[in-house]
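Everything on this sheet refers to the single structure shown next.
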Amino acid sequence: MAPSSEKSPLLKSPVPEKLPFPLGLVSPGVRPYLELIRFHKPTGTILMFWPFAWGLTMAAYKTSLDLTTFWTEMFKFLIAALIVRGSACTINDIFDRNFDAGVERTKGRPLASGRVSVFAAVVYLILQYLAGVLLYMPYKGVAFWAAIAQLLPLFIVYPLMKRITYWPQAWLGIAMNFGLVISWVAITNEVDVQLLTLLMVGSWGWTMHYDTIYACQDRKDDVKVGVKSTAVMLGDFVRPFTFSCAVLFVSTLAYAGILNDQTPYFFYVTIGGTSLHLIWQYVTVDLDSPDSCGLNFIRNGHMGWVTWAGLMLDYLVKIDKLPFTLPF
């Protein structure tokens, strides 16, 4: 009997996995280094960027900064967020490579899977730090040193917190939002202690809200490998705790708006819109579903647009650059 010319279904070649953008556009040798800085997962960079943008826009409103300088600084802070987030992910993965290997969601990361050596990751980290320092060189005084503090010690310490406390998110809340201080001082050349304290406390609450929910997706694996987090510690109290953090964020942001003499547009759009978005998050998130917790993390990146919109509207009205007429 002549052999069949048809291939058995069991012998079919496997369908190659579709790589997320832009990993499929680079060579296999470069790909792990983009993965290391989570270049294909931009939400972390977006969450890092929003405090820069909020602080810059409030400072621009305060000083009536010209629009060209405003957009130039905005672009620089976007690059800063990319560098700081990338270096933070790299140092985190260096410290956590053994933990990551035991967690389903993270076991495929470049260091945990052995695709990048620790030595190569350290060299890569140093290059990122150098890029960050060069970007911040034009800033002087407090703005420069605040930027260096965020780039280096704040994020170097964060991975260690997961080993000694159930509150690593509390430290992350400081590190993630230090862009508020950097951008405000860079534009105003002054340290408004009361305003910046309010903004930092409120944004700290925002980070506690979204990162505690985000950590819920790994709770079972974290308990097995010994990683500490607020999600592990709080258990069934995650929802009321994160709701309280969200209330802290909105209330302190509103008070900061009063101190900065923001107009009603800020309170209608930023405070009202952010409040509604956070309520929607609580109605829709399922803390027992890893996919839902991950989606909520992404939604907080989207929420940043709403928070920024009222600030930007106030600024454009003040410098008389709004391209349309408001109805009220």
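Each chain in the structure tokens gets a letter, A, B, ..., in the order shown, and its residues are numbered from 1; ligands are numbered from 1 in order too.
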Against segment 299-306 of chain A, which residues of segment 188-291 of chain A fall within 8 Å? For each one I want the closest pair of atoms and the distance in Å (one decimal), counting only C-alpha atoms, rows by chain and increasing residue number, as CSV.
residue,atom,partner,partner_atom,distance
A:Tyr210,CA,A:Asn300,CA,6.9
A:Val269,CA,A:Val306,CA,7.1
A:Thr270,CA,A:Val306,CA,6.0
A:Gly273,CA,A:Val306,CA,6.1
A:Thr274,CA,A:Val306,CA,6.1
A:His277,CA,A:Met303,CA,6.7
A:Gln281,CA,A:Arg299,CA,7.9
**Item:** Residues near Tyr33 of chain A, cut-off 8 Å, only C-alpha atoms, skip fewer than 3 positions along chain, as a PyMOL selection string
**Value:** chain A and resi 30+36-37+110+116
Selection to disk with N, CA and C atoms, as a PDB file, in the first residue's frame:
ATOM      1  N   VAL A  30      18.133  40.641  21.088  1.00  0.00           N
ATOM      2  CA  VAL A  30      17.756  41.928  21.688  1.00  0.00           C
ATOM      3  C   VAL A  30      16.484  41.792  22.519  1.00  0.00           C
ATOM      4  N   LEU A  36      13.054  42.835  29.692  1.00  0.00           N
ATOM      5  CA  LEU A  36      13.570  43.162  31.025  1.00  0.00           C
ATOM      6  C   LEU A  36      13.068  44.517  31.511  1.00  0.00           C
ATOM      7  N   ILE A  37      12.945  45.477  30.598  1.00  0.00           N
ATOM      8  CA  ILE A  37      12.445  46.810  30.976  1.00  0.00           C
ATOM      9  C   ILE A  37      10.941  46.931  30.726  1.00  0.00           C
ATOM     10  N   PRO A 110      13.147  37.268  31.683  1.00  0.00           N
ATOM     11  CA  PRO A 110      14.490  36.946  31.164  1.00  0.00           C
ATOM     12  C   PRO A 110      15.473  36.413  32.197  1.00  0.00           C
ATOM     13  N   VAL A 116      18.859  35.836  30.248  1.00  0.00           N
ATOM     14  CA  VAL A 116      19.809  36.938  30.459  1.00  0.00           C
ATOM     15  C   VAL A 116      20.583  36.632  31.738  1.00  0.00           C
TER      16      VAL A 116
END
**Asked** Pick from A:Ala175, A:Ile164, A:Leu180, A:Leu127: nearest to Gly226 of chain A, with only C-alpha atoms counted?
**Response**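 Using only C-alpha atoms, the shortest distance to Gly226 of chain A belongs to A:Ile164.
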**Item:** Residue nearest Phe144 of chain A - candidates A:Ala120, A:Val157, A:Cys89, A:Val185, atoms counted: only C-alpha atoms
**Value:** A:Val185
**Request:** Mind the document's chain letters and residue numbers, and return as a PyMOL selection string the residues of segment 57-234 of chain A that DSSP labels alpha helix (DSSP H).
**Result:** chain A and resi 57-63+67-100+118-136+141-149+155-164+168-176+179-188+193-215+219-225+230-234
**Message:** I'd like the contact shell of segment 249-261 of chain A - 8 Å cut-off, only C-alpha atoms, skipping same-chain residues fewer than 5 positions apart - returned as an MDAnalysis selection string.
**Reply:** chainID A and resid 58 62 195 198:199 201:206 266:267 271 274:275
**Request:** For atom CA of Val225 of chain A and atom CA of Pro42 of chain A, quote the distance in Å rounded to one decimal.
**Result:**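 Straight-line distance from atom CA of Val225 of chain A to atom CA of Pro42 of chain A works out to 26.9 Å.
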**Prompt:** Between A:Lys76, A:Leu111, A:Lys162, A:Leu172, which is the closest to Tyr136 of chain A once you count only C-alpha atoms?
**Reply:**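 Of the candidates, the smallest distance to Tyr136 of chain A is held by A:Lys76.
Taking only C-alpha atoms into account, Phe155 of chain A lies nearest to A:Phe95 out of the set A:Trp54, A:Tyr214, A:Trp184, A:Phe95.
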**Message:** Please compute the atom CA of Gly114 of chain A-atom CA of His40 of chain A distance, one decimal, in Å.
**Reply:**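 Those two atoms sit 19.2 Å apart.
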